[in-house]
>>> print(open('structure_6.pdb').read())   # PDB, C-alpha atoms
MODEL        1
ATOM      1  CA  MET A   1      86.208  98.163  83.935
ATOM      2  CA  THR A   2      86.197 100.353  87.021
ATOM      3  CA  VAL A   3      89.157  99.905  89.343
ATOM      4  CA  THR A   4      89.668 101.984  92.456
ATOM      5  CA  ILE A   5      92.879 102.046  94.460
ATOM      6  CA  GLU A   6      92.882 102.495  98.206
ATOM      7  CA  PRO A   7      95.879 103.085 100.494
ATOM      8  CA  ILE A   8      95.953 100.893 103.585
ATOM      9  CA  PRO A   9      98.313 102.642 106.023
ATOM     10  CA  PHE A  10     100.034 100.625 108.728
ATOM     11  CA  PHE A  11     103.027 100.808 111.059
ATOM     12  CA  GLU A  12     104.688 104.216 111.093
ATOM     13  CA  SER A  13     104.960 104.927 107.380
ATOM     14  CA  ASN A  14     103.891 101.912 105.294
ATOM     15  CA  TYR A  15     101.219 101.689 102.634
ATOM     16  CA  ALA A  16      99.707  98.517 101.256
ATOM     17  CA  TRP A  17      97.800  99.311  98.071
ATOM     18  CA  LEU A  18      94.415  97.691  97.430
ATOM     19  CA  MET A  19      93.135  97.520  93.839
ATOM     20  CA  ILE A  20      89.377  96.945  93.817
ATOM     21  CA  ASP A  21      87.326  95.793  90.844
ATOM     22  CA  GLU A  22      84.148  97.671  91.705
ATOM     23  CA  LYS A  23      81.949  95.435  89.542
ATOM     24  CA  SER A  24      82.866  92.126  91.177
ATOM     25  CA  LYS A  25      84.038  93.518  94.533
ATOM     26  CA  ASN A  26      87.193  91.444  94.170
ATOM     27  CA  ALA A  27      90.557  92.941  95.039
ATOM     28  CA  VAL A  28      94.331  92.637  94.786
ATOM     29  CA  ILE A  29      96.680  93.831  97.532
ATOM     30  CA  VAL A  30     100.268  94.988  97.049
ATOM     31  CA  ASP A  31     102.806  94.408  99.861
ATOM     32  CA  PRO A  32     100.589  93.441 102.829
ATOM     33  CA  GLY A  33     102.993  93.917 105.722
ATOM     34  CA  ASP A  34     100.199  93.772 108.304
ATOM     35  CA  ALA A  35      96.996  91.793 107.773
ATOM     36  CA  LYS A  36      94.855  93.469 110.454
ATOM     37  CA  PRO A  37      94.038  96.829 108.778
ATOM     38  CA  ILE A  38      93.588  95.082 105.433
ATOM     39  CA  LEU A  39      91.114  92.581 106.872
ATOM     40  CA  GLN A  40      89.219  95.372 108.574
ATOM     41  CA  PHE A  41      88.918  97.320 105.313
ATOM     42  CA  LEU A  42      87.850  94.240 103.334
ATOM     43  CA  LYS A  43      85.201  93.366 105.920
ATOM     44  CA  GLU A  44      83.774  96.889 106.052
ATOM     45  CA  ARG A  45      83.517  97.108 102.265
ATOM     46  CA  GLN A  46      82.499  93.448 101.764
ATOM     47  CA  ILE A  47      85.380  92.843  99.384
ATOM     48  CA  SER A  48      87.011  89.508  98.575
ATOM     49  CA  LEU A  49      90.786  89.265  98.154
ATOM     50  CA  LYS A  50      91.887  87.361  95.059
ATOM     51  CA  ALA A  51      95.619  88.060  94.718
ATOM     52  CA  ILE A  52      98.681  89.381  96.526
ATOM     53  CA  LEU A  53     101.583  91.096  94.744
ATOM     54  CA  ILE A  54     104.939  91.305  96.545
ATOM     55  CA  THR A  55     107.706  93.701  95.499
ATOM     56  CA  HIS A  56     110.466  92.432  97.819
ATOM     57  CA  PHE A  57     111.089  90.272 100.858
ATOM     58  CA  HIS A  58     111.379  92.783 103.715
ATOM     59  CA  SER A  59     109.122  91.907 106.637
ATOM     60  CA  ASP A  60     107.086  95.112 106.520
ATOM     61  CA  HIS A  61     105.967  94.113 103.025
ATOM     62  CA  ILE A  62     105.208  90.405 103.543
ATOM     63  CA  ASN A  63     104.184  89.716 107.146
ATOM     64  CA  GLY A  64     100.457  89.708 106.390
ATOM     65  CA  ILE A  65     100.602  87.094 103.628
ATOM     66  CA  THR A  66      99.952  83.957 105.666
ATOM     67  CA  GLU A  67      97.021  85.366 107.634
ATOM     68  CA  LEU A  68      95.368  86.683 104.475
ATOM     69  CA  LYS A  69      95.825  83.351 102.695
ATOM     70  CA  ASN A  70      94.279  81.534 105.650
ATOM     71  CA  ILE A  71      91.084  83.549 105.159
ATOM     72  CA  PHE A  72      90.890  84.109 101.396
ATOM     73  CA  GLU A  73      91.603  81.867  98.430
ATOM     74  CA  CYS A  74      94.108  84.288  96.978
ATOM     75  CA  LYS A  75      97.162  83.724  94.814
ATOM     76  CA  VAL A  76     100.532  85.117  95.878
ATOM     77  CA  TYR A  77     102.943  86.474  93.255
ATOM     78  CA  ALA A  78     106.491  87.277  94.339
ATOM     79  CA  PRO A  79     109.995  87.821  92.911
ATOM     80  CA  LEU A  80     111.676  84.661  91.669
ATOM     81  CA  LYS A  81     115.028  85.863  93.005
ATOM     82  CA  GLU A  82     113.645  86.144  96.551
ATOM     83  CA  ALA A  83     111.468  83.031  96.590
ATOM     84  CA  ASP A  84     113.425  81.513  99.475
ATOM     85  CA  LYS A  85     112.646  84.519 101.700
ATOM     86  CA  ILE A  86     108.890  84.933 101.146
ATOM     87  CA  PRO A  87     106.183  82.586 102.525
ATOM     88  CA  ASP A  88     103.229  80.973 100.759
ATOM     89  CA  ILE A  89     104.182  81.883  97.189
ATOM     90  CA  ASP A  90     101.951  80.455  94.461
ATOM     91  CA  GLN A  91     103.803  81.876  91.472
ATOM     92  CA  THR A  92     107.254  83.403  91.154
ATOM     93  CA  VAL A  93     107.738  86.163  88.592
ATOM     94  CA  HIS A  94     110.668  87.839  86.864
ATOM     95  CA  GLU A  95     111.532  90.441  84.237
ATOM     96  CA  GLY A  96     109.055  90.545  81.369
ATOM     97  CA  ASP A  97     106.416  88.290  82.923
ATOM     98  CA  ILE A  98     102.787  89.299  82.455
ATOM     99  CA  ILE A  99     100.275  88.524  85.206
ATOM    100  CA  SER A 100      96.661  88.586  84.011
ATOM    101  CA  LEU A 101      94.363  89.581  86.864
ATOM    102  CA  GLU A 102      90.615  89.359  86.272
ATOM    103  CA  GLY A 103      88.956  92.739  86.616
ATOM    104  CA  ILE A 104      92.335  94.493  86.855
ATOM    105  CA  GLY A 105      94.162  93.747  83.621
ATOM    106  CA  ASP A 106      97.654  92.702  82.585
ATOM    107  CA  VAL A 107     100.428  93.409  85.067
ATOM    108  CA  GLN A 108     103.978  93.679  83.711
ATOM    109  CA  VAL A 109     106.849  92.636  85.964
ATOM    110  CA  ILE A 110     109.938  94.866  85.911
ATOM    111  CA  GLU A 111     113.059  93.780  87.793
ATOM    112  CA  THR A 112     114.524  96.727  89.712
ATOM    113  CA  PRO A 113     117.463  95.594  91.877
ATOM    114  CA  GLY A 114     119.001  98.059  94.302
ATOM    115  CA  HIS A 115     117.040  98.209  97.549
ATOM    116  CA  THR A 116     117.246  94.417  97.484
ATOM    117  CA  LEU A 117     118.764  92.300  94.738
ATOM    118  CA  GLY A 118     115.411  90.779  93.807
ATOM    119  CA  SER A 119     113.169  93.841  94.025
ATOM    120  CA  ILE A 120     110.511  94.149  91.342
ATOM    121  CA  CYS A 121     107.892  96.689  90.272
ATOM    122  CA  TYR A 122     104.426  96.017  88.867
ATOM    123  CA  TYR A 123     103.372  98.133  85.878
ATOM    124  CA  ILE A 124      99.760  98.181  84.651
ATOM    125  CA  SER A 125      99.625 100.180  81.433
ATOM    126  CA  ASP A 126      95.815 100.060  81.109
ATOM    127  CA  LEU A 127      95.452 101.698  84.528
ATOM    128  CA  LYS A 128      98.402 104.048  83.942
ATOM    129  CA  LEU A 129     100.171 103.118  87.165
ATOM    130  CA  ILE A 130     103.190 101.417  88.661
ATOM    131  CA  PHE A 131     103.760  99.954  92.117
ATOM    132  CA  THR A 132     107.403 100.622  92.949
ATOM    133  CA  GLY A 133     107.721  99.160  96.456
ATOM    134  CA  ASP A 134     110.876 100.583  98.024
ATOM    135  CA  THR A 135     112.683 101.288  94.736
ATOM    136  CA  LEU A 136     111.300 104.667  93.681
ATOM    137  CA  PHE A 137     109.840 106.833  96.436
ATOM    138  CA  SER A 138     108.067 110.137  96.112
ATOM    139  CA  LEU A 139     111.014 112.594  95.972
ATOM    140  CA  GLY A 140     113.433 109.790  96.852
ATOM    141  CA  CYS A 141     114.557 106.204  96.405
ATOM    142  CA  GLY A 142     115.162 103.203  98.625
ATOM    143  CA  ARG A 143     118.285 102.584 100.645
ATOM    144  CA  LEU A 144     120.788 100.184  99.131
ATOM    145  CA  PHE A 145     120.524  97.261 101.532
ATOM    146  CA  GLU A 146     121.841  94.737  98.999
ATOM    147  CA  GLY A 147     122.396  96.357  95.625
ATOM    148  CA  THR A 148     124.971  98.761  94.253
ATOM    149  CA  PRO A 149     124.494 102.414  93.281
ATOM    150  CA  ALA A 150     124.835 101.387  89.631
ATOM    151  CA  GLN A 151     122.040  98.835  89.986
ATOM    152  CA  MET A 152     119.681 101.336  91.599
ATOM    153  CA  PHE A 153     120.576 104.052  89.085
ATOM    154  CA  ASN A 154     119.764 101.676  86.233
ATOM    155  CA  SER A 155     116.540 100.518  87.918
ATOM    156  CA  LEU A 156     115.332 104.086  88.345
ATOM    157  CA  ASN A 157     116.150 104.803  84.710
ATOM    158  CA  LYS A 158     113.977 101.835  83.682
ATOM    159  CA  ILE A 159     111.062 103.347  85.578
ATOM    160  CA  ALA A 160     111.784 106.833  84.226
ATOM    161  CA  ALA A 161     111.577 105.481  80.667
ATOM    162  CA  LEU A 162     107.902 104.549  81.126
ATOM    163  CA  PRO A 163     105.120 106.932  80.003
ATOM    164  CA  GLU A 164     105.237 110.109  82.069
ATOM    165  CA  ASP A 165     101.490 110.206  82.678
ATOM    166  CA  ILE A 166     101.453 107.112  84.894
ATOM    167  CA  ASN A 167     100.863 107.313  88.633
ATOM    168  CA  VAL A 168     103.554 106.054  91.005
ATOM    169  CA  TYR A 169     102.457 104.141  94.103
ATOM    170  CA  CYS A 170     105.327 103.404  96.481
ATOM    171  CA  GLY A 171     105.571 101.567  99.780
ATOM    172  CA  HIS A 172     106.130 104.367 102.292
ATOM    173  CA  GLU A 173     105.008 107.868 103.209
ATOM    174  CA  TYR A 174     108.440 109.491 103.112
ATOM    175  CA  THR A 175     107.703 112.476 100.865
ATOM    176  CA  VAL A 176     108.236 115.311 103.348
ATOM    177  CA  ASP A 177     111.542 113.949 104.666
ATOM    178  CA  ASN A 178     112.687 113.159 101.135
ATOM    179  CA  GLY A 179     111.719 116.678 100.096
ATOM    180  CA  ARG A 180     113.823 118.207 102.854
ATOM    181  CA  PHE A 181     116.858 116.357 101.537
ATOM    182  CA  ALA A 182     116.024 117.203  97.928
ATOM    183  CA  LEU A 183     115.891 120.886  98.846
ATOM    184  CA  SER A 184     119.358 120.617 100.396
ATOM    185  CA  VAL A 185     120.609 119.400  97.008
ATOM    186  CA  PHE A 186     118.667 121.934  94.922
ATOM    187  CA  PRO A 187     117.962 124.812  97.366
ATOM    188  CA  ASN A 188     116.941 127.350  94.722
ATOM    189  CA  TYR A 189     114.851 125.088  92.497
ATOM    190  CA  GLN A 190     111.365 126.621  92.589
ATOM    191  CA  PRO A 191     109.364 123.614  91.279
ATOM    192  CA  LEU A 192     110.790 121.579  94.159
ATOM    193  CA  ARG A 193     110.052 124.285  96.712
ATOM    194  CA  ASN A 194     106.473 124.500  95.462
ATOM    195  CA  ARG A 195     106.011 120.756  95.611
ATOM    196  CA  LEU A 196     107.383 120.500  99.134
ATOM    197  CA  GLU A 197     104.926 123.139 100.317
ATOM    198  CA  ASN A 198     102.072 121.193  98.746
ATOM    199  CA  VAL A 199     103.036 117.872 100.320
ATOM    200  CA  LYS A 200     103.502 119.493 103.720
ATOM    201  CA  GLN A 201      99.940 120.779 103.515
ATOM    202  CA  LEU A 202      98.678 117.308 102.654
ATOM    203  CA  ARG A 203     100.457 115.766 105.625
ATOM    204  CA  GLU A 204      99.180 118.459 107.976
ATOM    205  CA  GLN A 205      95.718 117.250 106.966
ATOM    206  CA  ARG A 206      96.866 113.632 107.448
ATOM    207  CA  LEU A 207      96.325 112.922 103.764
ATOM    208  CA  PRO A 208      98.598 110.714 101.625
ATOM    209  CA  THR A 209     101.057 112.417  99.295
ATOM    210  CA  LEU A 210     100.624 109.479  96.925
ATOM    211  CA  PRO A 211     100.164 108.618  94.172
ATOM    212  CA  VAL A 212     102.342 111.021  92.233
ATOM    213  CA  LEU A 213     102.730 111.413  88.484
ATOM    214  CA  LEU A 214     105.971 110.052  87.073
ATOM    215  CA  SER A 215     106.389 113.350  85.216
ATOM    216  CA  GLU A 216     106.430 115.180  88.560
ATOM    217  CA  GLU A 217     109.030 112.783  89.932
ATOM    218  CA  LYS A 218     111.226 113.289  86.879
ATOM    219  CA  ARG A 219     110.964 117.037  87.416
ATOM    220  CA  THR A 220     111.670 117.174  91.167
ATOM    221  CA  ASN A 221     113.193 113.907  92.461
ATOM    222  CA  PRO A 222     116.977 114.364  92.871
ATOM    223  CA  PHE A 223     117.633 110.685  92.191
ATOM    224  CA  LEU A 224     115.900 110.952  88.817
ATOM    225  CA  LEU A 225     117.624 114.266  88.126
ATOM    226  CA  ALA A 226     121.084 112.753  88.731
ATOM    227  CA  LYS A 227     123.081 113.068  85.515
ATOM    228  CA  ASN A 228     125.217 109.956  86.004
ATOM    229  CA  ILE A 229     126.081 107.171  88.448
ATOM    230  CA  THR A 230     128.695 109.310  90.211
ATOM    231  CA  GLU A 231     126.191 112.061  90.943
ATOM    232  CA  PHE A 232     123.549 109.515  91.945
ATOM    233  CA  THR A 233     126.013 107.864  94.338
ATOM    234  CA  ASP A 234     126.812 111.225  95.917
ATOM    235  CA  PHE A 235     123.105 111.954  96.379
ATOM    236  CA  ARG A 236     122.434 108.512  97.871
ATOM    237  CA  ARG A 237     125.365 108.813 100.274
ATOM    238  CA  GLY A 238     124.170 112.273 101.255
ATOM    239  CA  LYS A 239     120.644 111.030 101.934
ATOM    240  CA  ASP A 240     121.964 108.151 104.055
ATOM    241  CA  HIS A 241     123.589 110.660 106.428
ATOM    242  CA  PHE A 242     121.022 113.445 106.205
ATOM    243  CA  VAL A 243     119.306 114.525 109.433
TER     244      VAL A 243
ENDMDL
END
>>> encode(input="structure_6.pdb", output="structure tokens")
Amino acid sequence: MTVTIEPIPFFESNYAWLMIDEKSKNAVIVDPGDAKPILQFLKERQISLKAILITHFHSDHINGITELKNIFECKVYAPLKEADKIPDIDQTVHEGDIISLEGIGDVQVIETPGHTLGSICYYISDLKLIFTGDTLFSLGCGRLFEGTPAQMFNSLNKIAALPEDINVYCGHEYTVDNGRFALSVFPNYQPLRNRLENVKQLREQRLPTLPVLLSEEKRTNPFLLAKNITEFTDFRRGKDHFV
């Protein structure tokens, strides 16, 4: 089984992630907020879309669903707790569900409330990766639009408990800005300073800073370094007002 993963950038900072089974040329897309660049990529590579995975209901993660479904016979998987806010769902999923995708493998659903109350992540152990949507970002985490600090803290700890050698694919290219805030929290932490220099160089070349190893996030992400909910809450409040 050979699976490649391609970032589909759109809007100012979003990524939809395309998993391609190179043998069959079938694919799965995660969080298609805009159908146009996805359709263009699929056409150029002569790839057929078979499934859509949704992490949460925000428009920049779901607005391409209907157009993609009108063109491809693809199945849409989305959080059970947000089913009333997401169009064209074929199957709702919740904590502990396993989605078997041909050519991709088994996808484990992990509920991670915080950014929204129904947010979920998709973990594929065979591919050593997790799609975290807007829950865990590279060097950051999502804003708390609906959930509490305690919910997000617990959700991040669930992700952090997974094998450290997995790659994290999140929904936005926020790494440089997140790194600036992280450095304000830990100004003398050399591993963080080194990482920020590396990601700045990537962005200067217009390259993605993703994916990132979970081990690297655990070493440099302030929200994973927070010792308790109180410290996490202070960090999150600080990030909300950071300029």
>>> resolve_selection(input="structure_6.pdb", expression="the PyMOL selection byres ((chain A and resi 153) around 9)", output="PyMOL selection string")
chain A and resi 114+148-152+154-158+223-224+226+228-229+232-233
>>> resolve_selection(input="structure_6.pdb", expression="the PyMOL selection byres ((chain A and resi 146) around 6)", output="ChimeraX atom specification")
/A:116-117,144-145,147
>>> resolve_selection(input="structure_6.pdb", expression="the PyMOL selection byres ((chain A and resi 199) around 12)", output="PDB file with C-alpha atoms, in the coordinates of the input")
ATOM      1  CA  SER A 138     108.067 110.137  96.112  1.00  0.00           C
ATOM      2  CA  LEU A 139     111.014 112.594  95.972  1.00  0.00           C
ATOM      3  CA  GLU A 173     105.008 107.868 103.209  1.00  0.00           C
ATOM      4  CA  TYR A 174     108.440 109.491 103.112  1.00  0.00           C
ATOM      5  CA  THR A 175     107.703 112.476 100.865  1.00  0.00           C
ATOM      6  CA  VAL A 176     108.236 115.311 103.348  1.00  0.00           C
ATOM      7  CA  ASP A 177     111.542 113.949 104.666  1.00  0.00           C
ATOM      8  CA  ASN A 178     112.687 113.159 101.135  1.00  0.00           C
ATOM      9  CA  GLY A 179     111.719 116.678 100.096  1.00  0.00           C
ATOM     10  CA  ARG A 180     113.823 118.207 102.854  1.00  0.00           C
ATOM     11  CA  LEU A 192     110.790 121.579  94.159  1.00  0.00           C
ATOM     12  CA  ARG A 193     110.052 124.285  96.712  1.00  0.00           C
ATOM     13  CA  ASN A 194     106.473 124.500  95.462  1.00  0.00           C
ATOM     14  CA  ARG A 195     106.011 120.756  95.611  1.00  0.00           C
ATOM     15  CA  LEU A 196     107.383 120.500  99.134  1.00  0.00           C
ATOM     16  CA  GLU A 197     104.926 123.139 100.317  1.00  0.00           C
ATOM     17  CA  ASN A 198     102.072 121.193  98.746  1.00  0.00           C
ATOM     18  CA  LYS A 200     103.502 119.493 103.720  1.00  0.00           C
ATOM     19  CA  GLN A 201      99.940 120.779 103.515  1.00  0.00           C
ATOM     20  CA  LEU A 202      98.678 117.308 102.654  1.00  0.00           C
ATOM     21  CA  ARG A 203     100.457 115.766 105.625  1.00  0.00           C
ATOM     22  CA  GLU A 204      99.180 118.459 107.976  1.00  0.00           C
ATOM     23  CA  GLN A 205      95.718 117.250 106.966  1.00  0.00           C
ATOM     24  CA  ARG A 206      96.866 113.632 107.448  1.00  0.00           C
ATOM     25  CA  LEU A 207      96.325 112.922 103.764  1.00  0.00           C
ATOM     26  CA  PRO A 208      98.598 110.714 101.625  1.00  0.00           C
ATOM     27  CA  THR A 209     101.057 112.417  99.295  1.00  0.00           C
ATOM     28  CA  LEU A 210     100.624 109.479  96.925  1.00  0.00           C
ATOM     29  CA  PRO A 211     100.164 108.618  94.172  1.00  0.00           C
ATOM     30  CA  VAL A 212     102.342 111.021  92.233  1.00  0.00           C
TER      31      VAL A 212
END
>>> closest_atom_pairs(input="structure_6.pdb", of="range 143-209 of chain A", to="range 238-243 of chain A", cutoff="9 Å", atoms="only C-alpha atoms", output="CSV")
residue,atom,partner,partner_atom,distance
A:Arg143,CA,A:Asp240,CA,7.5
A:Asn178,CA,A:Lys239,CA,8.3
A:Phe181,CA,A:Lys239,CA,6.5
A:Ala182,CA,A:Lys239,CA,8.7
>>> write_last_selection(input="structure_6.pdb", atoms="C-alpha atoms", output="PDB file, keeping the file's coordinate frame")
ATOM      1  CA  ARG A 143     118.285 102.584 100.645  1.00  0.00           C
ATOM      2  CA  ASN A 178     112.687 113.159 101.135  1.00  0.00           C
ATOM      3  CA  PHE A 181     116.858 116.357 101.537  1.00  0.00           C
ATOM      4  CA  ALA A 182     116.024 117.203  97.928  1.00  0.00           C
TER       5      ALA A 182
END
>>> atom_distance(input="structure_6.pdb", atom1="CA of Tyr169 in chain A", atom2="CA of Gly133 in chain A")
7.6 Å
>>> atom_distance(input="structure_6.pdb", atom1="CA of Asp165 in chain A", atom2="CA of Trp17 in chain A")
19.2 Å
>>> closest_residue(input="structure_6.pdb", among="A:Met19, A:Phe57, A:Cys141, A:Phe235", to="Gly105 in chain A", atoms="all atoms listed in the file")
A:Met19
>>> atom_distance(input="structure_6.pdb", atom1="CA of Pro79 in chain A", atom2="CA of Phe10 in chain A")
22.7 Å
>>> residues_around(input="structure_6.pdb", residues="Cys170 in chain A", least_positions_apart="5", cutoff="7 Å", atoms="all atoms listed in the file", output="PyMOL selection string")
chain A and resi 131-134+136-137
>>> write_last_selection(input="structure_6.pdb", atoms="C-alpha atoms", output="PDB file, in the coordinates of the input")
ATOM      1  CA  PHE A 131     103.760  99.954  92.117  1.00  0.00           C
ATOM      2  CA  THR A 132     107.403 100.622  92.949  1.00  0.00           C
ATOM      3  CA  GLY A 133     107.721  99.160  96.456  1.00  0.00           C
ATOM      4  CA  ASP A 134     110.876 100.583  98.024  1.00  0.00           C
ATOM      5  CA  LEU A 136     111.300 104.667  93.681  1.00  0.00           C
ATOM      6  CA  PHE A 137     109.840 106.833  96.436  1.00  0.00           C
TER       7      PHE A 137
END
>>> residues_around(input="structure_6.pdb", residues="range 97-104 of chain A", least_positions_apart="5", cutoff="7 Å", atoms="all atoms listed in the file", output="MDAnalysis selection string")
chainID A and resid 1 3 21 109
>>> closest_residue(input="structure_6.pdb", among="A:Gly140, A:Pro37, A:Gly96, A:Pro163", to="Leu214 in chain A", atoms="only C-alpha atoms")
A:Pro163
>>> residues_around(input="structure_6.pdb", residues="Phe11 in chain A", least_positions_apart="6", cutoff="12 Å", atoms="all atoms listed in the file", output="list in words")
Pro32, Gly33, Asp34, Ala35, Lys36, Pro37, Ser59, Asp60, His61, Asn63, Gly171, His172 and Glu173 of chain A
>>> axis_aligned_box(input="structure_6.pdb", around="range 15-33 of chain A", padding_each_side="3 Å", output="JSON")
{"center_x": 92.5, "center_y": 96.6, "center_z": 97.6, "size_x": 27.0, "size_y": 16.2, "size_z": 22.2}
>>> closest_residue(input="structure_6.pdb", among="A:Lys23, A:Lys50, A:His58, A:Lys218", to="Cys74 in chain A", atoms="all atoms listed in the file")
A:Lys50
>>> closest_residue(input="structure_6.pdb", among="A:Ile62, A:Ala160, A:Val93, A:Ile29", to="Leu49 in chain A", atoms="all atoms listed in the file")
A:Ile29
>>> build_atoms(input="structure_6.pdb", residues="range 4-27 of chain A", atoms="N, CA and C atoms", output="mmCIF file, in the coordinates of the input")
data_model
loop_
_atom_site.group_PDB
_atom_site.id
_atom_site.type_symbol
_atom_site.label_atom_id
_atom_site.label_comp_id
_atom_site.auth_asym_id
_atom_site.auth_seq_id
_atom_site.Cartn_x
_atom_site.Cartn_y
_atom_site.Cartn_z
ATOM 1 N N THR A 4 89.268 100.948 91.509
ATOM 2 C CA THR A 4 89.668 101.984 92.456
ATOM 3 C C THR A 4 90.852 101.477 93.261
ATOM 4 N N ILE A 5 91.671 102.401 93.713
ATOM 5 C CA ILE A 5 92.879 102.046 94.460
ATOM 6 C C ILE A 5 92.853 102.755 95.796
ATOM 7 N N GLU A 6 92.966 101.964 96.852
ATOM 8 C CA GLU A 6 92.882 102.495 98.206
ATOM 9 C C GLU A 6 94.199 102.269 98.949
ATOM 10 N N PRO A 7 94.708 103.292 99.635
ATOM 11 C CA PRO A 7 95.879 103.085 100.494
ATOM 12 C C PRO A 7 95.449 102.473 101.825
ATOM 13 N N ILE A 8 96.170 101.469 102.258
ATOM 14 C CA ILE A 8 95.953 100.893 103.585
ATOM 15 C C ILE A 8 97.190 101.228 104.414
ATOM 16 N N PRO A 9 97.135 102.272 105.227
ATOM 17 C CA PRO A 9 98.313 102.642 106.023
ATOM 18 C C PRO A 9 98.492 101.705 107.206
ATOM 19 N N PHE A 10 99.744 101.437 107.545
ATOM 20 C CA PHE A 10 100.034 100.625 108.728
ATOM 21 C C PHE A 10 101.457 100.919 109.189
ATOM 22 N N PHE A 11 101.756 100.474 110.415
ATOM 23 C CA PHE A 11 103.027 100.808 111.059
ATOM 24 C C PHE A 11 103.214 102.328 111.023
ATOM 25 N N GLU A 12 104.444 102.775 111.010
ATOM 26 C CA GLU A 12 104.688 104.216 111.093
ATOM 27 C C GLU A 12 104.535 104.920 109.753
ATOM 28 N N SER A 13 104.917 104.223 108.676
ATOM 29 C CA SER A 13 104.960 104.927 107.380
ATOM 30 C C SER A 13 104.517 104.088 106.191
ATOM 31 N N ASN A 14 104.164 102.815 106.417
ATOM 32 C CA ASN A 14 103.891 101.912 105.294
ATOM 33 C C ASN A 14 102.534 102.144 104.647
ATOM 34 N N TYR A 15 102.484 101.822 103.352
ATOM 35 C CA TYR A 15 101.219 101.689 102.634
ATOM 36 C C TYR A 15 101.180 100.323 101.962
ATOM 37 N N ALA A 16 100.073 99.595 102.168
ATOM 38 C CA ALA A 16 99.707 98.517 101.256
ATOM 39 C C ALA A 16 98.669 99.122 100.317
ATOM 40 N N TRP A 17 98.715 98.728 99.060
ATOM 41 C CA TRP A 17 97.800 99.311 98.071
ATOM 42 C C TRP A 17 96.787 98.267 97.631
ATOM 43 N N LEU A 18 95.499 98.609 97.760
ATOM 44 C CA LEU A 18 94.415 97.691 97.430
ATOM 45 C C LEU A 18 93.756 98.132 96.126
ATOM 46 N N MET A 19 93.829 97.275 95.108
ATOM 47 C CA MET A 19 93.135 97.520 93.839
ATOM 48 C C MET A 19 91.804 96.784 93.870
ATOM 49 N N ILE A 20 90.715 97.515 93.692
ATOM 50 C CA ILE A 20 89.377 96.945 93.817
ATOM 51 C C ILE A 20 88.657 97.004 92.477
ATOM 52 N N ASP A 21 88.217 95.844 91.999
ATOM 53 C CA ASP A 21 87.326 95.793 90.844
ATOM 54 C C ASP A 21 85.918 96.062 91.366
ATOM 55 N N GLU A 22 85.414 97.246 91.103
ATOM 56 C CA GLU A 22 84.148 97.671 91.705
ATOM 57 C C GLU A 22 82.951 96.854 91.214
ATOM 58 N N LYS A 23 83.058 96.242 90.060
ATOM 59 C CA LYS A 23 81.949 95.435 89.542
ATOM 60 C C LYS A 23 81.806 94.131 90.317
ATOM 61 N N SER A 24 82.912 93.434 90.510
ATOM 62 C CA SER A 24 82.866 92.126 91.177
ATOM 63 C C SER A 24 83.102 92.207 92.676
ATOM 64 N N LYS A 25 83.624 93.345 93.133
ATOM 65 C CA LYS A 25 84.038 93.518 94.533
ATOM 66 C C LYS A 25 85.147 92.529 94.913
ATOM 67 N N ASN A 26 85.975 92.203 93.928
ATOM 68 C CA ASN A 26 87.193 91.444 94.170
ATOM 69 C C ASN A 26 88.373 92.405 94.180
ATOM 70 N N ALA A 27 89.441 92.010 94.870
ATOM 71 C CA ALA A 27 90.557 92.941 95.039
ATOM 72 C C ALA A 27 91.903 92.240 94.997
#
